[in-house]
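Data block for input05.txt (compact mmCIF, C-alpha atoms):
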```txt
# COMPACT_ATOMS: atom_id res chain seq x y z
CA MET I 26 54.62 261.10 316.16
CA ILE I 27 53.22 257.66 315.36
CA GLU I 28 53.23 256.82 311.67
CA ARG I 29 49.63 256.35 310.49
CA LYS I 30 50.74 253.80 307.95
CA GLU I 31 47.36 252.94 306.46
CA TYR I 32 46.71 256.61 305.65
CA LEU I 33 50.25 257.39 304.53
CA ASP I 34 50.10 254.43 302.18
CA LYS I 35 47.03 255.94 300.51
CA LEU I 36 48.78 259.28 300.03
CA ARG I 37 51.81 257.48 298.60
CA GLU I 38 49.56 255.55 296.23
CA TRP I 39 47.97 258.73 294.86
CA LYS I 40 51.07 260.95 294.86
CA ASP I 41 51.51 262.84 291.55
CA GLN I 42 48.24 261.43 290.24
CA ASN I 43 45.94 263.91 288.51
CA ILE I 44 43.36 263.75 291.27
CA ILE I 45 42.70 265.82 294.40
CA LYS I 46 43.29 264.06 297.70
CA VAL I 47 40.68 265.04 300.32
CA ILE I 48 41.37 263.83 303.87
CA THR I 49 38.29 264.01 306.08
CA GLY I 50 37.59 263.22 309.70
CA ILE I 51 36.66 264.61 313.09
CA ARG I 52 38.79 267.42 314.49
CA ARG I 53 42.04 266.38 316.18
CA CYS I 54 42.01 262.85 314.78
CA GLY I 55 45.42 263.49 313.22
CA LYS I 56 44.80 265.00 309.77
CA SER I 57 47.28 267.88 310.19
CA THR I 58 49.91 265.52 311.59
CA LEU I 59 49.38 263.21 308.63
CA LEU I 60 50.12 266.07 306.24
CA LYS I 61 53.30 266.93 308.19
CA LEU I 62 54.46 263.32 308.07
CA PHE I 63 53.86 263.21 304.32
CA ILE I 64 55.64 266.54 303.75
CA ASP I 65 58.64 265.24 305.73
CA GLU I 66 58.66 262.17 303.52
CA LEU I 67 58.58 264.28 300.35
CA LEU I 68 61.57 266.31 301.59
CA LYS I 69 63.52 263.15 302.44
CA ASN I 70 62.81 261.79 298.97
CA GLY I 71 64.30 264.75 297.12
CA ILE I 72 61.38 267.17 296.74
CA GLU I 73 62.68 270.70 297.29
CA ALA I 74 61.16 272.85 300.04
CA GLU I 75 60.25 275.56 297.52
CA GLN I 76 57.98 273.04 295.76
CA ILE I 77 55.79 272.66 298.85
CA ILE I 78 53.04 275.10 299.86
CA SER I 79 51.41 274.21 303.17
CA ILE I 80 48.62 276.35 304.67
CA ASN I 81 46.64 275.65 307.84
CA PHE I 82 43.58 277.89 307.74
CA GLU I 83 43.13 277.76 311.50
CA GLU I 84 46.45 279.56 312.08
CA MET I 85 46.40 283.34 312.45
CA GLU I 86 49.27 283.95 310.04
CA TYR I 87 47.08 282.78 307.19
CA GLU I 88 43.98 284.77 308.12
CA ASP I 89 44.27 286.99 305.03
CA LEU I 90 44.13 283.90 302.84
CA LEU I 91 40.57 283.14 303.95
CA ASP I 92 39.68 285.40 301.01
CA TYR I 93 39.69 282.95 298.11
CA LYS I 94 41.07 285.52 295.64
CA LYS I 95 44.01 286.30 297.92
CA LEU I 96 44.55 282.57 298.46
CA TYR I 97 44.72 281.98 294.73
CA ALA I 98 47.20 284.83 294.22
CA TYR I 99 49.35 283.57 297.11
CA ILE I 100 49.54 280.06 295.67
CA LYS I 101 50.38 281.31 292.18
CA ASN I 102 53.08 283.62 293.55
CA HIS I 103 54.71 280.84 295.56
CA SER I 104 54.58 278.17 292.86
CA VAL I 105 57.80 277.16 291.07
CA GLU I 106 57.46 277.39 287.32
CA GLY I 107 58.28 274.19 285.49
CA LYS I 108 58.22 272.00 288.62
CA MET I 109 55.51 270.12 290.47
CA THR I 110 53.99 272.15 293.30
CA TYR I 111 52.74 270.09 296.23
CA LEU I 112 49.83 272.00 297.72
CA PHE I 113 48.52 271.21 301.22
CA LEU I 114 45.35 273.03 302.31
CA ASP I 115 44.51 272.15 305.91
CA GLU I 116 40.94 272.73 307.18
CA ILE I 117 39.92 274.12 303.81
CA GLN I 118 36.27 274.56 304.88
CA ASN I 119 37.29 277.82 306.56
CA VAL I 120 37.69 279.43 303.13
CA ALA I 121 34.45 280.60 301.56
CA PHE I 122 34.30 279.64 297.85
CA TYR I 123 37.50 277.59 298.23
CA GLU I 124 36.23 275.32 295.46
CA LYS I 125 36.87 278.09 292.90
CA VAL I 126 40.56 278.06 293.83
CA VAL I 127 40.84 274.29 293.75
CA ASP I 128 38.93 273.97 290.50
CA SER I 129 41.15 276.53 288.78
CA LEU I 130 44.41 274.95 289.99
CA PHE I 131 43.29 271.45 289.15
CA VAL I 132 43.02 272.17 285.42
CA LYS I 133 46.58 273.53 285.36
CA ASP I 134 49.70 271.41 285.04
CA ASN I 135 52.14 270.75 287.86
CA TYR I 136 49.85 270.90 290.90
CA ASP I 137 49.47 267.96 293.27
CA ILE I 138 46.67 268.97 295.65
CA TYR I 139 45.95 267.66 299.16
CA MET I 140 43.17 269.03 301.37
CA THR I 141 41.72 268.27 304.79
CA GLY I 142 38.29 269.06 306.16
CA SER I 143 36.41 268.44 309.41
CA ASN I 144 32.89 268.65 308.06
CA SER I 145 31.47 266.55 305.25
CA TYR I 146 28.79 269.16 304.53
CA ILE I 147 31.19 271.35 302.60
CA PHE I 148 32.30 268.43 300.43
CA SER I 149 28.76 267.45 299.51
CA GLY I 150 27.79 270.61 297.66
CA GLN I 151 29.74 272.73 295.24
CA LEU I 152 32.96 270.73 295.42
CA ALA I 153 31.15 267.57 294.46
CA THR I 154 29.44 269.43 291.61
CA ASN I 155 32.54 271.17 290.25
CA LEU I 156 34.99 268.35 290.77
CA ARG I 157 32.91 265.23 290.24
CA GLY I 158 35.28 262.40 289.43
CA ARG I 159 38.35 264.56 290.13
CA TYR I 160 38.90 263.83 293.81
CA ILE I 161 39.16 260.89 296.17
CA GLU I 162 38.21 260.98 299.83
CA ILE I 163 40.44 259.44 302.49
CA SER I 164 38.36 259.08 305.66
CA MET I 165 40.47 259.33 308.81
CA LEU I 166 39.63 258.09 312.30
CA PRO I 167 41.34 258.35 315.71
CA PHE I 168 43.82 255.61 316.66
CA SER I 169 42.73 252.02 316.18
CA PHE I 170 43.22 249.64 319.08
CA LYS I 171 46.26 248.23 317.29
CA GLU I 172 47.82 251.71 317.16
CA TYR I 173 46.85 252.38 320.77
CA TYR I 174 48.37 249.07 321.89
CA SER I 175 51.66 249.84 320.14
CA LEU I 176 52.02 252.96 322.30
CA ASN I 177 51.37 251.34 325.68
CA ASN I 178 53.36 248.85 327.74
CA LEU I 179 50.26 246.99 328.86
CA ASP I 180 48.93 243.47 328.61
CA LYS I 181 46.62 243.34 325.59
CA ASN I 182 43.48 242.77 327.66
CA GLN I 183 44.38 245.52 330.09
CA ALA I 184 45.13 247.79 327.14
CA PHE I 185 41.73 247.04 325.63
CA ASN I 186 39.98 247.91 328.89
CA GLU I 187 41.78 251.26 328.90
CA TYR I 188 41.07 251.84 325.21
CA MET I 189 37.35 251.38 325.81
CA LYS I 190 37.51 254.17 328.40
CA VAL I 191 39.92 256.74 327.00
CA GLY I 192 39.52 256.18 323.25
CA GLY I 193 42.02 256.83 320.49
CA PHE I 194 42.53 260.55 320.01
CA PRO I 195 46.26 260.91 319.22
CA TYR I 196 47.12 263.73 321.65
CA ILE I 197 45.69 261.89 324.64
CA ASN I 198 47.59 258.74 323.80
CA GLN I 199 50.93 260.49 323.47
CA HIS I 200 50.70 262.39 326.78
CA ASP I 201 50.31 261.14 330.32
CA MET I 202 46.97 262.59 331.47
CA ASN I 203 45.03 262.16 334.68
CA ASP I 204 41.23 261.79 334.63
CA GLU I 205 40.61 265.52 335.06
CA GLN I 206 42.96 266.46 332.22
CA HIS I 207 41.42 263.78 330.02
CA ASN I 208 37.91 265.11 330.62
CA LEU I 209 38.99 268.69 329.92
CA TYR I 210 40.60 267.65 326.65
CA MET I 211 37.52 265.68 325.61
CA GLU I 212 35.32 268.65 326.50
CA GLY I 213 37.49 270.83 324.27
CA ILE I 214 37.15 268.46 321.32
CA TYR I 215 33.43 268.03 321.80
CA ASN I 216 32.62 271.72 322.11
CA THR I 217 34.89 272.61 319.21
CA VAL I 218 33.13 270.08 317.00
CA LEU I 219 29.68 271.38 317.88
CA LEU I 220 30.46 275.10 317.84
CA LYS I 221 32.63 275.01 314.71
CA ASP I 222 29.94 273.06 312.91
CA ILE I 223 27.40 275.73 313.80
CA GLU I 224 29.74 278.48 312.66
CA GLU I 225 30.45 276.80 309.33
CA ARG I 226 26.79 276.13 308.64
CA LEU I 227 25.91 279.75 309.41
CA ASN I 228 28.69 280.91 307.08
CA ARG I 229 27.30 278.70 304.34
CA LYS I 230 23.84 280.09 305.03
CA GLU I 231 25.06 283.40 303.65
CA MET I 232 25.89 281.71 300.35
CA GLU I 233 23.26 278.98 300.03
CA LYS I 234 19.68 280.06 300.59
CA ASN I 235 18.38 276.55 301.28
CA THR I 236 20.81 275.75 304.08
CA LYS I 237 19.02 275.15 307.37
CA LYS I 238 20.37 276.90 310.43
CA ILE I 239 21.79 275.21 313.50
CA THR I 240 21.23 277.80 316.23
CA ASP I 241 20.30 275.91 319.41
CA VAL I 242 23.48 274.51 320.99
CA SER I 243 21.52 273.07 323.90
CA LEU I 244 19.30 271.06 321.56
CA LEU I 245 22.30 269.87 319.55
CA LYS I 246 23.93 268.59 322.74
CA SER I 247 20.69 266.98 323.90
CA ILE I 248 20.29 265.05 320.66
CA SER I 249 23.95 264.06 320.81
CA LYS I 250 23.53 262.80 324.38
CA TYR I 251 20.49 260.78 323.33
CA LEU I 252 22.42 259.18 320.45
CA SER I 253 25.22 258.27 322.87
CA SER I 254 22.71 256.53 325.12
CA VAL I 255 21.29 254.34 322.32
CA LEU I 256 24.42 253.35 320.40
CA GLY I 257 23.81 250.23 318.37
CA SER I 258 20.02 250.38 318.75
CA PRO I 259 17.73 251.03 315.75
CA ILE I 260 16.19 254.51 315.89
CA SER I 261 14.37 256.89 313.57
CA ILE I 262 13.66 260.60 313.28
CA ARG I 263 10.21 259.92 314.67
CA SER I 264 11.48 257.97 317.67
CA ILE I 265 13.89 260.78 318.56
CA THR I 266 11.11 263.36 318.19
CA ASN I 267 8.81 261.29 320.40
CA TYR I 268 11.54 260.89 323.01
CA PHE I 269 11.89 264.65 323.38
CA LYS I 270 8.12 265.17 323.38
CA SER I 271 7.81 262.65 326.23
CA ASN I 272 10.37 264.75 328.10
CA GLU I 273 8.27 267.88 327.51
CA ARG I 274 10.41 269.37 324.76
CA LYS I 275 8.46 269.76 321.55
CA ILE I 276 10.53 269.76 318.38
CA SER I 277 9.58 268.98 314.82
CA PRO I 278 10.90 265.97 312.86
CA ASN I 279 12.48 268.42 310.38
CA THR I 280 14.46 270.06 313.17
CA VAL I 281 15.60 266.67 314.47
CA SER I 282 16.67 265.70 310.95
CA THR I 283 18.68 268.91 310.48
CA TYR I 284 20.48 268.57 313.81
CA LEU I 285 21.11 264.88 313.25
CA ASP I 286 22.67 265.66 309.88
CA ALA I 287 24.94 268.23 311.55
CA LEU I 288 26.19 265.68 314.09
CA CYS I 289 26.97 263.18 311.34
CA GLU I 290 28.50 265.74 308.97
CA SER I 291 30.99 266.69 311.68
CA TYR I 292 32.08 263.03 311.82
CA LEU I 293 30.92 262.72 315.41
CA TYR I 294 28.35 260.01 314.61
CA TYR I 295 28.11 257.49 311.79
CA PRO I 296 24.68 256.34 310.57
CA VAL I 297 24.37 252.72 309.43
CA GLU I 298 21.49 251.53 307.27
CA GLN I 299 19.88 248.12 307.38
CA MET I 300 20.24 245.65 304.52
CA ASP I 301 18.08 242.68 303.62
CA ILE I 302 20.44 239.69 303.74
CA PHE I 303 18.61 237.66 301.09
CA GLY I 304 18.17 240.40 298.50
CA LYS I 305 21.20 242.52 299.50
CA GLU I 306 18.98 245.60 299.24
CA VAL I 307 19.24 248.56 301.60
CA LEU I 308 16.07 248.97 303.66
CA LYS I 309 14.64 252.40 304.39
CA LEU I 310 13.90 251.51 307.99
CA ASN I 311 15.41 252.59 311.25
CA LYS I 312 19.15 253.28 311.29
CA LYS I 313 21.76 252.56 313.90
CA PHE I 314 24.27 255.20 314.96
CA TYR I 315 27.82 254.72 316.19
CA ILE I 316 30.13 257.31 317.72
CA VAL I 317 33.58 258.16 316.36
CA ASP I 318 35.44 257.42 319.61
CA MET I 319 34.55 255.82 322.92
CA GLY I 320 36.46 258.48 324.86
CA ILE I 321 34.02 261.08 323.51
CA ARG I 322 31.08 258.84 324.39
CA ASN I 323 32.32 258.38 327.95
CA PHE I 324 32.64 262.16 328.29
CA ILE I 325 29.14 262.80 326.97
CA LEU I 326 27.56 260.07 329.06
CA PRO I 327 29.70 259.51 332.18
CA ARG I 328 28.66 256.62 334.39
CA LYS I 329 30.25 253.88 336.43
CA GLU I 330 29.03 250.93 334.34
CA TYR I 331 28.81 250.71 330.58
CA ASP I 332 26.90 248.52 328.16
CA LEU I 333 29.92 246.38 327.30
CA GLY I 334 28.34 244.66 324.30
CA PHE I 335 27.46 247.91 322.52
CA THR I 336 30.88 249.38 323.36
CA ILE I 337 32.61 246.46 321.65
CA GLU I 338 30.15 246.65 318.75
CA ASN I 339 31.00 250.32 318.24
CA ILE I 340 34.74 249.58 318.22
CA VAL I 341 34.26 246.74 315.72
CA TYR I 342 32.21 248.98 313.43
CA LEU I 343 34.97 251.61 313.31
CA GLU I 344 37.58 248.92 312.69
CA LEU I 345 35.60 247.61 309.73
CA LEU I 346 35.62 251.14 308.29
CA ARG I 347 39.39 251.33 308.80
CA ARG I 348 39.80 248.07 306.93
CA GLY I 349 37.97 249.47 303.95
CA TYR I 350 34.59 247.78 304.26
CA ILE I 351 31.20 249.19 303.36
CA VAL I 352 29.09 248.33 306.40
CA ASN I 353 25.37 247.71 306.91
CA VAL I 354 23.23 246.15 309.61
CA GLY I 355 21.84 242.82 308.42
CA ARG I 356 18.12 242.06 308.51
CA LEU I 357 16.94 238.43 308.17
CA ASP I 358 13.18 238.21 308.62
CA THR I 359 12.72 239.03 312.32
CA THR I 360 16.36 238.47 313.28
CA GLU I 361 19.40 240.68 312.90
CA VAL I 362 23.07 240.30 312.08
CA ASP I 363 25.14 243.07 313.63
CA PHE I 364 27.14 243.84 310.49
CA ILE I 365 27.28 242.93 306.83
CA ALA I 366 30.70 244.07 305.66
CA ARG I 367 31.32 244.33 301.90
CA LYS I 368 34.57 244.73 300.03
CA LYS I 369 34.93 244.14 296.27
CA ASP I 370 31.46 242.52 296.21
CA ILE I 371 32.50 239.93 298.78
CA TYR I 372 30.43 239.89 301.97
CA THR I 373 31.38 238.95 305.53
CA TYR I 374 28.83 238.61 308.32
CA PHE I 375 29.73 239.69 311.86
CA GLN I 376 28.05 239.18 315.21
CA VAL I 377 29.49 240.98 318.23
CA THR I 378 28.88 240.01 321.86
CA ALA I 379 30.67 240.45 325.18
CA SER I 380 30.48 236.74 326.01
CA MET I 381 29.26 233.51 324.45
CA VAL I 382 29.60 231.41 327.63
CA ASP I 383 25.91 231.51 328.50
CA LYS I 384 24.02 228.88 326.50
CA THR I 385 21.11 231.19 325.69
CA THR I 386 23.46 233.89 324.40
CA PHE I 387 25.43 231.31 322.39
CA GLU I 388 22.29 230.10 320.64
CA ARG I 389 20.96 233.64 320.07
CA GLU I 390 24.17 234.80 318.40
CA MET I 391 24.50 231.64 316.31
CA ARG I 392 20.91 231.46 315.07
CA PRO I 393 20.92 234.27 312.46
CA LEU I 394 24.22 233.08 310.97
CA ILE I 395 23.02 229.47 310.77
CA ASN I 396 19.94 230.67 308.86
CA ILE I 397 22.01 232.42 306.20
CA GLN I 398 22.31 229.98 303.32
CA ASP I 399 25.07 231.55 301.23
CA ASN I 400 28.77 230.67 301.47
CA TYR I 401 30.16 234.01 302.63
CA GLU I 402 32.32 234.07 305.77
CA LYS I 403 30.50 234.22 309.13
CA ILE I 404 32.30 235.48 312.24
CA ILE I 405 31.32 236.05 315.87
CA LEU I 406 33.58 238.38 317.84
CA THR I 407 33.58 238.06 321.62
CA LEU I 408 35.65 239.05 324.63
CA ASP I 409 35.66 235.55 326.14
CA ASN I 410 38.32 232.97 325.31
CA PHE I 411 36.29 229.90 326.25
CA THR I 412 34.05 229.59 323.19
CA THR I 413 36.51 230.46 320.43
CA GLY I 414 36.68 227.97 317.59
CA ASN I 415 34.88 226.88 314.43
CA TYR I 416 31.27 225.74 314.63
CA ASN I 417 30.21 224.24 311.30
CA GLY I 418 31.86 227.07 309.41
CA ILE I 419 30.97 229.85 311.85
CA LYS I 420 34.16 231.23 313.40
CA VAL I 421 34.14 232.49 316.97
CA ILE I 422 37.14 234.78 317.50
CA ASN I 423 38.38 236.77 320.46
CA VAL I 424 37.73 240.41 319.56
CA VAL I 425 41.03 241.68 321.02
CA ASP I 426 42.99 239.22 318.87
CA TRP I 427 40.91 240.19 315.83
CA LEU I 428 41.62 243.88 316.39
CA LEU I 429 45.36 243.19 316.63
CA ASP I 430 45.42 240.96 313.54
```
Please, can you express the file's structure as structure tokens?
Amino acid sequence: MIERKEYLDKLREWKDQNIIKVITGIRRCGKSTLLKLFIDELLKNGIEAEQIISINFEEMEYEDLLDYKKLYAYIKNHSVEGKMTYLFLDEIQNVAFYEKVVDSLFVKDNYDIYMTGSNSYIFSGQLATNLRGRYIEISMLPFSFKEYYSLNNLDKNQAFNEYMKVGGFPYINQHDMNDEQHNLYMEGIYNTVLLKDIEERLNRKEMEKNTKKITDVSLLKSISKYLSSVLGSPISIRSITNYFKSNERKISPNTVSTYLDALCESYLYYPVEQMDIFGKEVLKLNKKFYIVDMGIRNFILPRKEYDLGFTIENIVYLELLRRGYIVNVGRLDTTEVDFIARKKDIYTYFQVTASMVDKTTFEREMRPLINIQDNYEKIILTLDNFTTGNYNGIKVINVVDWLLD
């Protein structure tokens, strides 16, 4: 197992703190493995096995504990009086009313609570209400390119070409798979994400009257395929609705909105809002959407040639998230900056392009950054090595080197 250092460091930082650790991310991105790695570390550092309660709610042996009252009784019965109990609840969204259990344990002494979930919907309702200010979210993604590169004996540029095709899901990158096996595995992830999301939403429907149903799997897949085809392009609910109407499938904007929310809540897609560069205000205009992993995108939308620029842009966006940035698309009058990345109220502007060799492309990518008058860092990331350098304060960096930095 590869050590996911950036995520383990966060768990180490919050260990024994009076706050619930919630690890979120798409299915099979490595959340369960992260918990196992952390449990192994606790045991090596002197924590006794009897102090650790670990439950994966997708395993049959814990099916009885899907009843929140039985879960609470089980935890209380297996806790060690007078010692810290380290509680790991994996895929907690499978437990209806799980927040009652967590809320009750949180107010007691000697519980250090860690949870994982594969759908942000369940963390946006009752948990947020009951535990406001009592939990932190650690958002997990599949392998970064740097992690992928560390596992492969390839030249860095060859490795990047492969990474763009197969993506970063941990299981794939720790097993030698042919193309057919890879596609079957991706199909399994994709269908599990969509079908599990539907199941969880329908379960919540029984408890929350205002929850909208997701019942049409075909429509969910169609909207997902459309999003995959327009990665990095500004779109709206209306434009998606009009696209389907033009293809003789009439759906309402409300339905599109509900299904779009489901795709984002399952961490399959990430919506990115536009920001006015001068005023640093978020604009309620069209959003861009990026996919969680290029391997999934290549499964959804298989073809021989890919839009290289948008592929790189997607990878850069995910890397900015990994590095702890809050990310928006920049709007400057009629021009656009691919990303405004903010951390601790310091901004960095990013342009992403496959190549800067062509003079027209060079000028197009430079122009918005030149027009920004503040002193924040401005960076262009590109695959070519011929134009790298510093142009009056605008840095042009090879994207592969940047990802490995």
message: For a test of reading the model, state the distance in Å between CA of Ala287 in chain I and CA of Asp222 in chain I, rounded to one decimal.
response: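 About the pair CA of Ala287 in chain I and CA of Asp222 in chain I: they are 7.1 Å apart.
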query: Just how far from CA of Gly257 in chain I is CA of Thr283 in chain I, in Å to one decimal?
result: 20.9 Å
message: Between CA of Asp332 in chain I and CA of Arg356 in chain I, what is the distance in Å, rounded to a tenth?
response: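 Rounded to one decimal, the two atoms are 22.5 Å apart.
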Among listed residues I:Thr240, I:Asn272, I:Asn178, I:Thr110, nearest Phe131 in chain I (using all atoms listed in the file):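 When distances to Phe131 in chain I are compared using all atoms listed in the file, the smallest one comes from I:Thr110.
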query: For Glu116 in chain I, which of I:Leu166, I:Phe63, I:Lys56, I:Asn339 is the closest residue, counting all atoms listed in the file?
result: I:Lys56
- prompt: Can you tell me, as an NGL selection string, what residues are no more than 10 Å from Ile395 in chain I when counting all atoms listed in the file, ignoring any on the same chain fewer than 4 positions away?
  reply: :I and (388 or 390-391 or 399 or 403 or 416-419)
field: Distance query range 345-348 of chain I at most 9 Å, all atoms listed in the file, self and fewer than 2 positions along chain excluded, as a PyMOL selection string
entry: chain I and resi 31+164-166+169+340-343+350-352+366
message: I want to know what sits within 9 Å of range 186-196 of chain I, based on all atoms listed in the file, with residues of the same chain fewer than 4 positions away left out; could you give that as a ChimeraX atom specification?
response: /I:26-27,53-55,166-170,172-174,181-182,200,207,318-323,336-337,340
Set up a box along x, y and z of the file covering all listed atoms of range 175-180 of chain I, add 5 Å on every one of the six sides, and write the centre and edge lengths in Å to one decimal, as lines of an AutoDock Vina configuration file.
```
center_x = 51.1
center_y = 248.2
center_z = 324.5
size_x = 14.4
size_y = 19.5
size_z = 18.7
```
task: Pick out the residues sitting within 12 Å of Val307 in chain I, and hand them over as a ChimeraX atom specification; count only C-alpha atoms, and ignore anything fewer than 2 positions along from it in its own chain.
output: /I:297-305,309-312,352-356,365
Any chance you can output those residues with C-alpha atoms as a compact mmCIF listing (two decimals), in the coordinates of the input?
```txt
# COMPACT_ATOMS: atom_id res chain seq x y z
CA VAL I 297 24.37 252.72 309.43
CA GLU I 298 21.49 251.53 307.27
CA GLN I 299 19.88 248.12 307.38
CA MET I 300 20.24 245.65 304.52
CA ASP I 301 18.08 242.68 303.62
CA ILE I 302 20.44 239.69 303.74
CA PHE I 303 18.61 237.66 301.09
CA GLY I 304 18.17 240.40 298.50
CA LYS I 305 21.20 242.52 299.50
CA LYS I 309 14.64 252.40 304.39
CA LEU I 310 13.90 251.51 307.99
CA ASN I 311 15.41 252.59 311.25
CA LYS I 312 19.15 253.28 311.29
CA VAL I 352 29.09 248.33 306.40
CA ASN I 353 25.37 247.71 306.91
CA VAL I 354 23.23 246.15 309.61
CA GLY I 355 21.84 242.82 308.42
CA ARG I 356 18.12 242.06 308.51
CA ILE I 365 27.28 242.93 306.83
```
message: Residues within 9 Å of (30.0, 235.8, 322.2), file coordinates, counting all atoms listed in the file: what are they? Give the list as a ChimeraX atom specification.
response: /I:376-383,386-387,390,405-409,412-413,421-423
Expected file contents, prior selection, C-alpha atoms, as a PDB file, keeping the file's coordinate frame:
```
ATOM      1  CA  GLN I 376      28.050 239.180 315.210  1.00  0.00           C
ATOM      2  CA  VAL I 377      29.490 240.980 318.230  1.00  0.00           C
ATOM      3  CA  THR I 378      28.880 240.010 321.860  1.00  0.00           C
ATOM      4  CA  ALA I 379      30.670 240.450 325.180  1.00  0.00           C
ATOM      5  CA  SER I 380      30.480 236.740 326.010  1.00  0.00           C
ATOM      6  CA  MET I 381      29.260 233.510 324.450  1.00  0.00           C
ATOM      7  CA  VAL I 382      29.600 231.410 327.630  1.00  0.00           C
ATOM      8  CA  ASP I 383      25.910 231.510 328.500  1.00  0.00           C
ATOM      9  CA  THR I 386      23.460 233.890 324.400  1.00  0.00           C
ATOM     10  CA  PHE I 387      25.430 231.310 322.390  1.00  0.00           C
ATOM     11  CA  GLU I 390      24.170 234.800 318.400  1.00  0.00           C
ATOM     12  CA  ILE I 405      31.320 236.050 315.870  1.00  0.00           C
ATOM     13  CA  LEU I 406      33.580 238.380 317.840  1.00  0.00           C
ATOM     14  CA  THR I 407      33.580 238.060 321.620  1.00  0.00           C
ATOM     15  CA  LEU I 408      35.650 239.050 324.630  1.00  0.00           C
ATOM     16  CA  ASP I 409      35.660 235.550 326.140  1.00  0.00           C
ATOM     17  CA  THR I 412      34.050 229.590 323.190  1.00  0.00           C
ATOM     18  CA  THR I 413      36.510 230.460 320.430  1.00  0.00           C
ATOM     19  CA  VAL I 421      34.140 232.490 316.970  1.00  0.00           C
ATOM     20  CA  ILE I 422      37.140 234.780 317.500  1.00  0.00           C
ATOM     21  CA  ASN I 423      38.380 236.770 320.460  1.00  0.00           C
TER      22      ASN I 423
END
```
task: Give the answer as one residue: which of I:Ile265, I:Ile239, I:Leu256, I:Ile397 has the shortest atom-to-atom distance to Phe335 in chain I, using only C-alpha atoms?
output: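 Between I:Ile265, I:Ile239, I:Leu256, I:Ile397, the residue approaching Phe335 in chain I most closely is I:Leu256.
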task: Counting all atoms listed in the file, figure out which residue out of I:Gln118, I:Val425, I:Ala184, I:Tyr268 gets nearest to Tyr146 in chain I.
output: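 For Tyr146 in chain I, the nearest of the given residues is I:Gln118.
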message: Give me the residues near Gly142 in chain I as a ChimeraX atom specification, where near means some atom within 12 Å (using only C-alpha atoms) and where sequence neighbours in that chain fewer than 2 positions away do not count.
response: /I:46-57,81-83,113-120,123,139-140,144-149,162-165,221-222,225,290-292
task: Can you work out which one of I:Gly158, I:Asn102, I:Val218, I:Leu176 has the shortest atom-to-atom distance to Asn198 in chain I, counting all atoms listed in the file?
output: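 Comparing I:Gly158, I:Asn102, I:Val218, I:Leu176 against Asn198 in chain I, the winner is I:Leu176.
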task: Would you please work out which residue, of I:Thr58, I:Asn208, I:Ser258, I:Asn279, is nearest to Lys237 in chain I when using all atoms listed in the file?
output: I:Asn279
- prompt: Which polymer residues, protein or nucleic acid, are no farther than 12 Å from (50.7, 282.1, 296.9), counting all atoms listed in the file, as a PyMOL selection string?
  reply: chain I and resi 75-80+87+89-90+93-105+110+112-114+126+130
